[in-house]
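Student: Provided herewith: my_file_0.tsv, TSV, N, CA and C atoms.
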chain	number	residue	atom	x	y	z
Z	1	MET	N	10.13	4.25	12.08
Z	1	MET	CA	9.97	4.88	13.35
Z	1	MET	C	9.21	3.92	14.26
Z	2	ALA	N	9.52	3.97	15.54
Z	2	ALA	CA	8.87	3.12	16.53
Z	2	ALA	C	8.56	3.92	17.78
Z	3	ILE	N	7.63	3.41	18.58
Z	3	ILE	CA	7.21	4.09	19.80
Z	3	ILE	C	7.28	3.10	20.97
Z	4	SER	N	7.65	3.63	22.14
Z	4	SER	CA	7.67	2.84	23.36
Z	4	SER	C	6.84	3.56	24.41
Z	5	SER	N	6.05	2.79	25.16
Z	5	SER	CA	5.27	3.38	26.25
Z	5	SER	C	5.62	2.74	27.59
Z	6	ASP	N	6.77	2.02	27.60
Z	6	ASP	CA	7.20	1.38	28.84
Z	6	ASP	C	8.68	1.63	29.15
Z	7	GLY	N	9.13	2.85	28.83
Z	7	GLY	CA	10.50	3.22	29.14
Z	7	GLY	C	11.54	2.60	28.23
Z	8	GLY	N	11.13	2.10	27.08
Z	8	GLY	CA	12.09	1.54	26.12
Z	8	GLY	C	12.27	0.04	26.21
Z	9	THR	N	11.50	-0.64	27.08
Z	9	THR	CA	11.60	-2.10	27.18
Z	9	THR	C	11.07	-2.77	25.92
Z	10	THR	N	9.94	-2.29	25.40
Z	10	THR	CA	9.39	-2.82	24.16
Z	10	THR	C	9.09	-1.66	23.20
Z	11	TRP	N	9.07	-1.97	21.90
Z	11	TRP	CA	8.86	-0.96	20.87
Z	11	TRP	C	7.83	-1.47	19.86
Z	12	THR	N	7.00	-0.53	19.36
Z	12	THR	CA	6.02	-0.85	18.34
Z	12	THR	C	6.30	0.01	17.12
Z	13	LYS	N	6.43	-0.63	15.96
Z	13	LYS	CA	6.71	0.10	14.72
Z	13	LYS	C	5.49	0.93	14.32
Z	14	LEU	N	5.75	2.16	13.86
Z	14	LEU	CA	4.71	3.07	13.39
Z	14	LEU	C	4.79	3.18	11.88
Z	15	GLY	N	4.18	2.29	11.16
Z	15	GLY	CA	4.13	2.37	9.70
Z	15	GLY	C	5.51	2.29	9.07
Z	16	SER	N	5.59	2.76	7.84
Z	16	SER	CA	6.85	2.67	7.09
Z	16	SER	C	7.36	4.05	6.69
Z	17	ILE	N	7.08	5.04	7.53
Z	17	ILE	CA	7.52	6.40	7.21
Z	17	ILE	C	9.00	6.59	7.53
Z	18	SER	N	9.62	7.52	6.85
Z	18	SER	CA	10.98	7.93	7.19
Z	18	SER	C	10.85	9.01	8.25
Z	19	PRO	N	11.36	8.76	9.43
Z	19	PRO	CA	11.20	9.75	10.50
Z	19	PRO	C	12.13	10.93	10.31
Z	20	PRO	N	11.81	12.03	10.97
Z	20	PRO	CA	12.73	13.17	10.98
Z	20	PRO	C	14.07	12.76	11.60
Z	21	ALA	N	15.14	13.48	11.22
Z	21	ALA	CA	16.47	13.18	11.73
Z	21	ALA	C	16.60	13.55	13.21
Z	22	ARG	N	15.98	14.65	13.61
Z	22	ARG	CA	15.97	15.08	15.01
Z	22	ARG	C	14.53	15.30	15.42
Z	23	LEU	N	14.20	14.86	16.62
Z	23	LEU	CA	12.82	14.94	17.09
Z	23	LEU	C	12.70	15.69	18.41
Z	24	LYS	N	11.57	16.34	18.59
Z	24	LYS	CA	11.21	16.87	19.90
Z	24	LYS	C	9.69	16.77	20.02
Z	25	PHE	N	9.26	15.96	20.98
Z	25	PHE	CA	7.84	15.86	21.25
Z	25	PHE	C	7.49	16.83	22.36
Z	26	ILE	N	6.45	17.65	22.10
Z	26	ILE	CA	5.99	18.65	23.05
Z	26	ILE	C	4.98	18.01	24.00
Z	27	THR	N	4.15	17.13	23.47
Z	27	THR	CA	3.17	16.37	24.25
Z	27	THR	C	3.22	14.93	23.76
Z	28	ASP	N	2.34	14.10	24.25
Z	28	ASP	CA	2.27	12.72	23.76
Z	28	ASP	C	1.89	12.65	22.29
Z	29	THR	N	1.21	13.68	21.79
Z	29	THR	CA	0.75	13.64	20.40
Z	29	THR	C	1.45	14.63	19.47
Z	30	VAL	N	1.90	15.78	19.98
Z	30	VAL	CA	2.49	16.82	19.13
Z	30	VAL	C	4.02	16.73	19.16
Z	31	GLY	N	4.60	16.60	17.97
Z	31	GLY	CA	6.05	16.56	17.86
Z	31	GLY	C	6.53	17.31	16.63
Z	32	TRP	N	7.73	17.83	16.70
Z	32	TRP	CA	8.39	18.52	15.60
Z	32	TRP	C	9.67	17.76	15.25
Z	33	GLY	N	10.15	17.94	14.05
Z	33	GLY	CA	11.42	17.34	13.68
Z	33	GLY	C	12.05	18.04	12.49
Z	34	THR	N	13.36	17.89	12.37
Z	34	THR	CA	14.07	18.36	11.18
Z	34	THR	C	14.49	17.12	10.39
Z	35	THR	N	14.55	17.27	9.08
Z	35	THR	CA	14.92	16.14	8.22
Z	35	THR	C	16.34	16.31	7.70
Z	36	THR	N	16.88	15.24	7.16
Z	36	THR	CA	18.22	15.31	6.58
Z	36	THR	C	18.24	16.08	5.27
Z	37	THR	N	17.07	16.39	4.72
Z	37	THR	CA	17.00	17.17	3.49
Z	37	THR	C	16.57	18.61	3.76
Z	38	ASN	N	16.90	19.10	4.95
Z	38	ASN	CA	16.65	20.49	5.34
Z	38	ASN	C	15.19	20.87	5.35
Z	39	GLY	N	14.37	19.98	5.86
Z	39	GLY	CA	12.95	20.26	6.01
Z	39	GLY	C	12.53	20.20	7.46
Z	40	ILE	N	11.32	20.69	7.71
Z	40	ILE	CA	10.70	20.63	9.02
Z	40	ILE	C	9.45	19.76	8.88
Z	41	MET	N	9.24	18.89	9.87
Z	41	MET	CA	8.06	18.04	9.87
Z	41	MET	C	7.35	18.19	11.21
Z	42	LYS	N	6.05	17.89	11.21
Z	42	LYS	CA	5.26	17.98	12.44
Z	42	LYS	C	4.25	16.84	12.47
Z	43	THR	N	4.02	16.32	13.66
Z	43	THR	CA	2.99	15.32	13.87
Z	43	THR	C	2.04	15.81	14.95
Z	44	THR	N	0.78	15.46	14.81
Z	44	THR	CA	-0.21	15.78	15.84
Z	44	THR	C	-0.92	14.52	16.32
Z	45	ASP	N	-0.40	13.35	15.91
Z	45	ASP	CA	-1.02	12.08	16.31
Z	45	ASP	C	0.00	11.11	16.90
Z	46	GLY	N	1.00	11.65	17.59
Z	46	GLY	CA	1.97	10.80	18.26
Z	46	GLY	C	3.00	10.16	17.36
Z	47	GLY	N	3.16	10.67	16.14
Z	47	GLY	CA	4.17	10.14	15.24
Z	47	GLY	C	3.66	9.12	14.24
Z	48	ILE	N	2.37	8.84	14.25
Z	48	ILE	CA	1.81	7.90	13.29
Z	48	ILE	C	1.90	8.50	11.89
Z	49	THR	N	1.54	9.78	11.75
Z	49	THR	CA	1.69	10.47	10.47
Z	49	THR	C	2.47	11.77	10.70
Z	50	TRP	N	3.19	12.18	9.67
Z	50	TRP	CA	3.99	13.40	9.70
Z	50	TRP	C	3.64	14.25	8.49
Z	51	SER	N	3.61	15.56	8.68
Z	51	SER	CA	3.40	16.48	7.56
Z	51	SER	C	4.63	17.36	7.41
Z	52	THR	N	4.95	17.67	6.16
Z	52	THR	CA	6.06	18.57	5.89
Z	52	THR	C	5.59	19.99	6.12
Z	53	VAL	N	6.38	20.78	6.81
Z	53	VAL	CA	6.06	22.17	7.11
Z	53	VAL	C	6.88	23.04	6.18
Z	54	LYS	N	6.21	23.85	5.37
Z	54	LYS	CA	6.88	24.71	4.39
Z	54	LYS	C	7.38	25.98	5.05
Z	55	ILE	N	8.68	26.24	4.93
Z	55	ILE	CA	9.24	27.52	5.34
Z	55	ILE	C	10.07	28.06	4.20
Z	56	GLY	N	10.08	29.36	4.05
Z	56	GLY	CA	10.85	29.99	2.98
Z	56	GLY	C	10.16	29.84	1.64
Z	57	GLY	N	10.44	30.78	0.74
Z	57	GLY	CA	9.94	30.67	-0.62
Z	57	GLY	C	8.59	31.29	-0.85
Z	58	THR	N	7.69	31.27	0.13
Z	58	THR	CA	6.35	31.81	-0.07
Z	58	THR	C	5.89	32.55	1.17
Z	59	ASP	N	5.64	33.83	1.02
Z	59	ASP	CA	5.06	34.65	2.09
Z	59	ASP	C	5.78	34.54	3.42
Z	60	THR	N	7.09	34.46	3.39
Z	60	THR	CA	7.80	34.39	4.65
Z	60	THR	C	8.84	35.48	4.77
Z	61	HIS	N	9.80	35.51	3.87
Z	61	HIS	CA	10.91	36.44	4.01
Z	61	HIS	C	11.14	37.17	2.69
Z	62	GLY	N	11.35	38.45	2.77
Z	62	GLY	CA	11.67	39.21	1.57
Z	62	GLY	C	10.53	39.15	0.57
Z	63	SER	N	10.88	38.91	-0.68
Z	63	SER	CA	9.91	38.96	-1.77
Z	63	SER	C	9.08	37.69	-1.89
Z	64	GLY	N	9.46	36.64	-1.20
Z	64	GLY	CA	8.76	35.38	-1.36
Z	64	GLY	C	9.19	34.66	-2.62
Z	65	SER	N	10.32	35.05	-3.17
Z	65	SER	CA	10.80	34.45	-4.41
Z	65	SER	C	11.52	33.15	-4.14
Z	66	GLN	N	11.88	32.45	-5.22
Z	66	GLN	CA	12.62	31.20	-5.11
Z	66	GLN	C	13.94	31.42	-4.37
Z	67	GLU	N	14.54	32.59	-4.49
Z	67	GLU	CA	15.81	32.87	-3.82
Z	67	GLU	C	15.68	32.83	-2.30
Z	68	ASP	N	14.47	32.97	-1.78
Z	68	ASP	CA	14.24	32.93	-0.34
Z	68	ASP	C	14.00	31.52	0.17
Z	69	THR	N	13.99	30.54	-0.72
Z	69	THR	CA	13.78	29.16	-0.31
Z	69	THR	C	14.94	28.70	0.57
Z	70	VAL	N	14.62	27.95	1.61
Z	70	VAL	CA	15.65	27.46	2.53
Z	70	VAL	C	16.60	26.53	1.81
Z	71	ASP	N	17.89	26.84	1.94
Z	71	ASP	CA	18.94	26.02	1.35
Z	71	ASP	C	19.53	25.07	2.37
Z	72	ARG	N	19.68	25.55	3.61
Z	72	ARG	CA	20.27	24.72	4.65
Z	72	ARG	C	19.77	25.17	6.01
Z	73	ILE	N	19.43	24.20	6.85
Z	73	ILE	CA	19.01	24.48	8.22
Z	73	ILE	C	20.20	24.23	9.13
Z	74	TYR	N	20.52	25.22	9.95
Z	74	TYR	CA	21.66	25.11	10.87
Z	74	TYR	C	21.22	24.78	12.29
Z	75	ALA	N	20.05	25.26	12.67
Z	75	ALA	CA	19.58	25.03	14.03
Z	75	ALA	C	18.07	25.19	14.05
Z	76	ALA	N	17.43	24.55	15.01
Z	76	ALA	CA	15.99	24.69	15.20
Z	76	ALA	C	15.67	24.53	16.67
Z	77	HIS	N	14.65	25.25	17.11
Z	77	HIS	CA	14.17	25.08	18.48
Z	77	HIS	C	12.65	25.07	18.44
Z	78	PHE	N	12.08	24.07	19.09
Z	78	PHE	CA	10.64	23.89	19.14
Z	78	PHE	C	10.21	24.05	20.58
Z	79	LEU	N	9.56	25.17	20.90
Z	79	LEU	CA	9.20	25.49	22.28
Z	79	LEU	C	7.93	24.76	22.72
Z	80	ASP	N	6.92	24.83	21.88
Z	80	ASP	CA	5.64	24.19	22.19
Z	80	ASP	C	4.91	23.92	20.89
Z	81	ALA	N	3.63	23.60	20.96
Z	81	ALA	CA	2.88	23.24	19.75
Z	81	ALA	C	2.72	24.42	18.79
Z	82	GLN	N	2.86	25.64	19.28
Z	82	GLN	CA	2.65	26.84	18.46
Z	82	GLN	C	3.93	27.56	18.05
Z	83	HIS	N	4.98	27.50	18.86
Z	83	HIS	CA	6.16	28.34	18.68
Z	83	HIS	C	7.40	27.53	18.30
Z	84	ALA	N	8.02	27.94	17.20
Z	84	ALA	CA	9.26	27.30	16.75
Z	84	ALA	C	10.10	28.32	16.01
Z	85	TRP	N	11.41	28.10	15.99
Z	85	TRP	CA	12.37	28.95	15.30
Z	85	TRP	C	13.32	28.07	14.51
Z	86	VAL	N	13.72	28.53	13.33
Z	86	VAL	CA	14.66	27.79	12.49
Z	86	VAL	C	15.69	28.77	11.96
Z	87	ALA	N	16.97	28.50	12.22
Z	87	ALA	CA	18.06	29.31	11.67
Z	87	ALA	C	18.50	28.63	10.38
Z	88	ALA	N	18.49	29.38	9.29
Z	88	ALA	CA	18.76	28.78	7.99
Z	88	ALA	C	19.46	29.77	7.08
Z	89	SER	N	19.96	29.25	5.97
Z	89	SER	CA	20.42	30.11	4.90
Z	89	SER	C	19.50	29.87	3.72
Z	90	ALA	N	19.24	30.94	2.99
Z	90	ALA	CA	18.38	30.87	1.82
Z	90	ALA	C	19.23	30.62	0.58
Z	91	VAL	N	18.59	30.23	-0.50
Z	91	VAL	CA	19.29	30.00	-1.76
Z	91	VAL	C	20.08	31.25	-2.15
Z	92	SER	N	19.55	32.43	-1.82
Z	92	SER	CA	20.22	33.69	-2.15
Z	92	SER	C	21.49	33.90	-1.34
Z	93	GLY	N	21.70	33.11	-0.28
Z	93	GLY	CA	22.85	33.27	0.59
Z	93	GLY	C	22.53	34.03	1.86
Z	94	ALA	N	21.34	34.62	1.93
Z	94	ALA	CA	20.95	35.37	3.13
Z	94	ALA	C	20.82	34.43	4.31
Z	95	LYS	N	21.22	34.91	5.48
Z	95	LYS	CA	21.04	34.17	6.73
Z	95	LYS	C	19.73	34.64	7.34
Z	96	VAL	N	18.86	33.71	7.66
Z	96	VAL	CA	17.51	34.05	8.10
Z	96	VAL	C	17.13	33.19	9.30
Z	97	ILE	N	16.44	33.80	10.25
Z	97	ILE	CA	15.78	33.04	11.30
Z	97	ILE	C	14.29	33.11	10.99
Z	98	TYR	N	13.68	31.95	10.82
Z	98	TYR	CA	12.25	31.87	10.60
Z	98	TYR	C	11.59	31.53	11.92
Z	99	LYS	N	10.42	32.16	12.17
Z	99	LYS	CA	9.69	31.84	13.40
Z	99	LYS	C	8.22	31.66	13.06
Z	100	THR	N	7.58	30.81	13.84
Z	100	THR	CA	6.14	30.62	13.72
Z	100	THR	C	5.50	30.78	15.09
Z	101	ASP	N	4.33	31.40	15.10
Z	101	ASP	CA	3.54	31.56	16.31
Z	101	ASP	C	2.21	30.83	16.20
Z	102	ASP	N	2.04	30.10	15.09
Z	102	ASP	CA	0.75	29.44	14.85
Z	102	ASP	C	0.91	27.96	14.47
Z	103	GLY	N	1.88	27.32	15.06
Z	103	GLY	CA	2.05	25.88	14.84
Z	103	GLY	C	2.61	25.51	13.49
Z	104	GLY	N	3.23	26.46	12.80
Z	104	GLY	CA	3.85	26.17	11.51
Z	104	GLY	C	2.99	26.49	10.31
Z	105	SER	N	1.79	27.02	10.52
Z	105	SER	CA	0.95	27.40	9.39
Z	105	SER	C	1.57	28.54	8.59
Z	106	THR	N	2.14	29.51	9.31
Z	106	THR	CA	2.84	30.61	8.65
Z	106	THR	C	4.17	30.83	9.36
Z	107	TRP	N	5.13	31.36	8.62
Z	107	TRP	CA	6.47	31.63	9.15
Z	107	TRP	C	6.87	33.04	8.79
Z	108	GLN	N	7.52	33.71	9.71
Z	108	GLN	CA	8.04	35.06	9.47
Z	108	GLN	C	9.55	34.98	9.41
Z	109	GLY	N	10.14	35.54	8.36
Z	109	GLY	CA	11.58	35.58	8.23
Z	109	GLY	C	12.15	36.83	8.86
Z	110	ILE	N	13.23	36.67	9.62
Z	110	ILE	CA	13.91	37.78	10.28
Z	110	ILE	C	15.37	37.72	9.85
Z	111	ASP	N	15.90	38.82	9.36
Z	111	ASP	CA	17.32	38.82	8.99
Z	111	ASP	C	18.16	38.42	10.18
Z	112	ALA	N	19.09	37.53	9.95
Z	112	ALA	CA	19.96	37.03	11.02
Z	112	ALA	C	21.34	37.66	10.89
Z	113	PRO	N	22.13	37.60	11.95
Z	113	PRO	CA	23.51	38.10	11.85
Z	113	PRO	C	24.26	37.39	10.73
Z	114	ALA	N	25.26	38.04	10.19
Z	114	ALA	CA	26.01	37.49	9.06
Z	114	ALA	C	26.73	36.19	9.42
Z	115	GLN	N	27.15	36.06	10.67
Z	115	GLN	CA	27.84	34.83	11.06
Z	115	GLN	C	26.86	33.67	11.15
Z	116	LEU	N	27.38	32.50	11.05
Z	116	LEU	CA	26.57	31.29	11.07
Z	116	LEU	C	25.95	31.07	12.44
Z	117	ILE	N	24.67	30.81	12.49
Z	117	ILE	CA	23.97	30.51	13.73
Z	117	ILE	C	23.86	28.99	13.82
Z	118	THR	N	24.46	28.43	14.85
Z	118	THR	CA	24.48	26.97	14.97
Z	118	THR	C	23.64	26.46	16.14
Z	119	GLY	N	22.98	27.36	16.85
Z	119	GLY	CA	22.14	26.93	17.95
Z	119	GLY	C	21.09	27.97	18.27
Z	120	LEU	N	19.92	27.52	18.68
Z	120	LEU	CA	18.83	28.38	19.10
Z	120	LEU	C	18.21	27.77	20.35
Z	121	PHE	N	17.83	28.62	21.30
Z	121	PHE	CA	17.09	28.15	22.46
Z	121	PHE	C	16.18	29.27	22.93
Z	122	PHE	N	14.92	28.95	23.15
Z	122	PHE	CA	13.97	29.92	23.67
Z	122	PHE	C	13.36	29.39	24.95
Z	123	GLU	N	13.37	30.26	25.98
Z	123	GLU	CA	12.78	29.93	27.27
Z	123	GLU	C	11.29	30.21	27.26
Z	124	THR	N	10.92	31.30	26.58
Z	124	THR	CA	9.53	31.72	26.39
Z	124	THR	C	9.41	32.19	24.94
Z	125	PRO	N	8.21	32.48	24.45
Z	125	PRO	CA	8.10	32.98	23.07
Z	125	PRO	C	8.86	34.30	22.83
Z	126	GLN	N	9.17	35.07	23.88
Z	126	GLN	CA	9.88	36.33	23.73
Z	126	GLN	C	11.35	36.29	24.12
Z	127	HIS	N	11.80	35.31	24.87
Z	127	HIS	CA	13.14	35.32	25.43
Z	127	HIS	C	13.95	34.14	24.92
Z	128	GLY	N	14.93	34.46	24.06
Z	128	GLY	CA	15.74	33.39	23.49
Z	128	GLY	C	17.19	33.79	23.28
Z	129	TRP	N	18.00	32.79	23.00
Z	129	TRP	CA	19.41	32.98	22.73
Z	129	TRP	C	19.75	32.35	21.40
As a first step, turn the structure in this file into structure tokens.
Tutor:
Amino acid sequence: MAISSDGGTTWTKLGSISPPARLKFITDTVGWGTTTTNGIMKTTDGGITWSTVKIGGTDTHGSGSQEDTVDRIYAAHFLDAQHAWVAASAVSGAKVIYKTDDGGSTWQGIDAPAQLITGLFFETPQHGW
């Protein structure tokens, strides 16, 4: 991963981390990303370090069992440093939208429509498509 502070004219490498596959920076320091292995990552230091954000499997949806572990992420939307949504399927086959209101510390699972959700967008924490 690399960073530019001059519109892309020059770039500085940020360590040897594998960056998320898709990125969205909310501020100069806070960013979210999805990985190619169906994970969510977050940085609070401008991308120098990234932490894996756990969703599914524990205290999120249903029983919190292994069957609730995220199997595949179809869409994600990161509104700000506190609010994010992830449309996923669980190992059990259930379609779930996970949401966080606390920067990814906890996630709430919401049953999703049976059809595949391939996009999410939220204008505010309450209004989304």
Student: Kindly indicate which residue among Z:Asp111, Z:Asp71, Z:Asp28, Z:Glu123 lies nearest to Ala90 in chain Z, using only C-alpha atoms for the distances.
Tutor: Z:Asp71
Student: If you measure from CA of Asp45 in chain Z to CA of Phe78 in chain Z, what distance in Å do you get, rounded to one decimal?
Tutor: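 Spanning CA of Asp45 in chain Z to CA of Phe78 in chain Z is a straight-line distance of 16.8 Å.
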Student: Write out as a list in words which residues come within 7 Å of Arg72 in chain Z when counting only N, CA and C atoms, dropping same-chain ones fewer than 6 positions away.
Tutor: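 Counting only the stated atoms, we get Asn38, Ala87, Ala88, Ser89, Ala90 and Val91 of chain Z.
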Student: So how far away is atom N of Lys54 in chain Z from atom N of Ser4 in chain Z, in Å?
Tutor: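 Taking atom N of Ser4 in chain Z and atom N of Lys54 in chain Z, their separation equals 26.3 Å.
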Student: Of the candidates Z:Thr34, Z:Thr69, Z:Thr9, Z:Thr43, which one gets nearest to Ile55 in chain Z if we count only N, CA and C atoms?
Tutor: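 Closest to Ile55 in chain Z of all the choices is Z:Thr69.
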Student: In Å, rounded to a single decimal, give me how far CA of Gly33 in chain Z is from atom C of Gln126 in chain Z.
Tutor: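 One can read the atom C of Gln126 in chain Z to CA of Gly33 in chain Z distance as 21.6 Å.
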Student: Skip Asp101 in chain Z itself and residues of its chain fewer than 6 positions away, then list as a compact mmCIF listing (two decimals) with N, CA and C atoms, keeping the file's coordinate frame all residues within 9 Å of it, counting only C-alpha atoms.
Tutor:
# COMPACT_ATOMS: atom_id res chain seq x y z
N GLN Z 82 2.86 25.64 19.28
CA GLN Z 82 2.65 26.84 18.46
C GLN Z 82 3.93 27.56 18.05
N HIS Z 83 4.98 27.50 18.86
CA HIS Z 83 6.16 28.34 18.68
C HIS Z 83 7.40 27.53 18.30
N ALA Z 84 8.02 27.94 17.20
CA ALA Z 84 9.26 27.30 16.75
C ALA Z 84 10.10 28.32 16.01
N TRP Z 107 5.13 31.36 8.62
CA TRP Z 107 6.47 31.63 9.15
C TRP Z 107 6.87 33.04 8.79
N GLN Z 108 7.52 33.71 9.71
CA GLN Z 108 8.04 35.06 9.47
C GLN Z 108 9.55 34.98 9.41
N PRO Z 125 8.21 32.48 24.45
CA PRO Z 125 8.10 32.98 23.07
C PRO Z 125 8.86 34.30 22.83
Student: When distances are computed from only N, CA and C atoms, which of Z:Leu14, Z:Leu79, Z:Arg22, Z:Gly31 shows the smallest separation from Thr124 in chain Z?
Tutor: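 Smallest distance to Thr124 in chain Z is found for Z:Leu79.
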Student: Compare Z:Gly8, Z:Leu23, Z:Thr52, Z:Lys95 by their minimum atom-to-atom distance to Ile117 in chain Z, counting all atoms listed in the file, and give me the closest one.
Tutor: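 Using all atoms listed in the file, the shortest distance to Ile117 in chain Z belongs to Z:Lys95.
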Student: Could you tell me which of Z:Ile48, Z:Ile40, Z:Thr35, Z:Ile73 comes closest to Lys13 in chain Z if we count only C-alpha atoms?
Tutor: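 Smallest separation from Lys13 in chain Z among the options: Z:Ile48.
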Student: Identify the residues around (14.2, 28.1, 13.0) within a radius of 6 Å, measuring from all atoms listed in the file in the coordinates stated by the file, and give them as a count of residues only.
Tutor: 11
Student: Using only C-alpha atoms, can you tell me which of Z:Phe121, Z:Gly103, Z:Asp6, Z:Tyr74 comes closest to Ser51 in chain Z?
Tutor: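 Ranking Z:Phe121, Z:Gly103, Z:Asp6, Z:Tyr74 by distance to Ser51 in chain Z, first place goes to Z:Gly103.
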Student: Would you mind completing range 49-56 of chain Z to all heavy atoms and writing the output as a PDB file, in the coordinates of the input?
Tutor:
ATOM      1  N   THR Z  49       1.540   9.780  11.750  1.00  0.00           N
ATOM      2  CA  THR Z  49       1.690  10.470  10.470  1.00  0.00           C
ATOM      3  C   THR Z  49       2.470  11.770  10.700  1.00  0.00           C
ATOM      4  O   THR Z  49       2.429  12.357  11.780  1.00  0.00           O
ATOM      5  CB  THR Z  49       0.317  10.822   9.842  1.00  0.00           C
ATOM      6  OG1 THR Z  49      -0.407  11.680  10.743  1.00  0.00           O
ATOM      7  CG2 THR Z  49      -0.483   9.561   9.553  1.00  0.00           C
ATOM      8  N   TRP Z  50       3.190  12.180   9.670  1.00  0.00           N
ATOM      9  CA  TRP Z  50       3.990  13.400   9.700  1.00  0.00           C
ATOM     10  C   TRP Z  50       3.640  14.250   8.490  1.00  0.00           C
ATOM     11  O   TRP Z  50       3.434  13.725   7.400  1.00  0.00           O
ATOM     12  CB  TRP Z  50       5.486  13.076   9.672  1.00  0.00           C
ATOM     13  CG  TRP Z  50       5.961  12.415  10.914  1.00  0.00           C
ATOM     14  CD1 TRP Z  50       5.912  11.080  11.211  1.00  0.00           C
ATOM     15  CD2 TRP Z  50       6.540  13.048  12.050  1.00  0.00           C
ATOM     16  NE1 TRP Z  50       6.418  10.849  12.457  1.00  0.00           N
ATOM     17  CE2 TRP Z  50       6.827  12.035  12.995  1.00  0.00           C
ATOM     18  CE3 TRP Z  50       6.861  14.373  12.356  1.00  0.00           C
ATOM     19  CZ2 TRP Z  50       7.411  12.323  14.225  1.00  0.00           C
ATOM     20  CZ3 TRP Z  50       7.437  14.647  13.581  1.00  0.00           C
ATOM     21  CH2 TRP Z  50       7.714  13.637  14.500  1.00  0.00           C
ATOM     22  N   SER Z  51       3.610  15.560   8.680  1.00  0.00           N
ATOM     23  CA  SER Z  51       3.400  16.480   7.560  1.00  0.00           C
ATOM     24  C   SER Z  51       4.630  17.360   7.410  1.00  0.00           C
ATOM     25  O   SER Z  51       5.270  17.718   8.401  1.00  0.00           O
ATOM     26  CB  SER Z  51       2.150  17.326   7.754  1.00  0.00           C
ATOM     27  OG  SER Z  51       2.245  18.076   8.941  1.00  0.00           O
ATOM     28  N   THR Z  52       4.950  17.670   6.160  1.00  0.00           N
ATOM     29  CA  THR Z  52       6.060  18.570   5.890  1.00  0.00           C
ATOM     30  C   THR Z  52       5.590  19.990   6.120  1.00  0.00           C
ATOM     31  O   THR Z  52       4.492  20.373   5.699  1.00  0.00           O
ATOM     32  CB  THR Z  52       6.531  18.408   4.431  1.00  0.00           C
ATOM     33  OG1 THR Z  52       6.936  17.060   4.246  1.00  0.00           O
ATOM     34  CG2 THR Z  52       7.683  19.341   4.115  1.00  0.00           C
ATOM     35  N   VAL Z  53       6.380  20.780   6.810  1.00  0.00           N
ATOM     36  CA  VAL Z  53       6.060  22.170   7.110  1.00  0.00           C
ATOM     37  C   VAL Z  53       6.880  23.040   6.180  1.00  0.00           C
ATOM     38  O   VAL Z  53       8.101  22.975   6.175  1.00  0.00           O
ATOM     39  CB  VAL Z  53       6.370  22.502   8.591  1.00  0.00           C
ATOM     40  CG1 VAL Z  53       6.087  23.957   8.886  1.00  0.00           C
ATOM     41  CG2 VAL Z  53       5.583  21.587   9.515  1.00  0.00           C
ATOM     42  N   LYS Z  54       6.210  23.850   5.370  1.00  0.00           N
ATOM     43  CA  LYS Z  54       6.880  24.710   4.390  1.00  0.00           C
ATOM     44  C   LYS Z  54       7.380  25.980   5.050  1.00  0.00           C
ATOM     45  O   LYS Z  54       6.627  26.686   5.709  1.00  0.00           O
ATOM     46  CB  LYS Z  54       5.904  25.065   3.276  1.00  0.00           C
ATOM     47  CG  LYS Z  54       6.447  26.044   2.273  1.00  0.00           C
ATOM     48  CD  LYS Z  54       6.902  25.351   1.032  1.00  0.00           C
ATOM     49  CE  LYS Z  54       7.205  26.356  -0.054  1.00  0.00           C
ATOM     50  NZ  LYS Z  54       8.588  26.484  -0.339  1.00  0.00           N
ATOM     51  N   ILE Z  55       8.680  26.240   4.930  1.00  0.00           N
ATOM     52  CA  ILE Z  55       9.240  27.520   5.340  1.00  0.00           C
ATOM     53  C   ILE Z  55      10.070  28.060   4.200  1.00  0.00           C
ATOM     54  O   ILE Z  55      10.658  27.307   3.442  1.00  0.00           O
ATOM     55  CB  ILE Z  55      10.101  27.434   6.623  1.00  0.00           C
ATOM     56  CG1 ILE Z  55      11.262  26.468   6.444  1.00  0.00           C
ATOM     57  CG2 ILE Z  55       9.263  27.045   7.812  1.00  0.00           C
ATOM     58  CD1 ILE Z  55      12.237  26.487   7.592  1.00  0.00           C
ATOM     59  N   GLY Z  56      10.080  29.360   4.050  1.00  0.00           N
ATOM     60  CA  GLY Z  56      10.850  29.990   2.980  1.00  0.00           C
ATOM     61  C   GLY Z  56      10.160  29.840   1.640  1.00  0.00           C
ATOM     62  O   GLY Z  56       9.370  28.939   1.414  1.00  0.00           O
TER      63      GLY Z  56
END
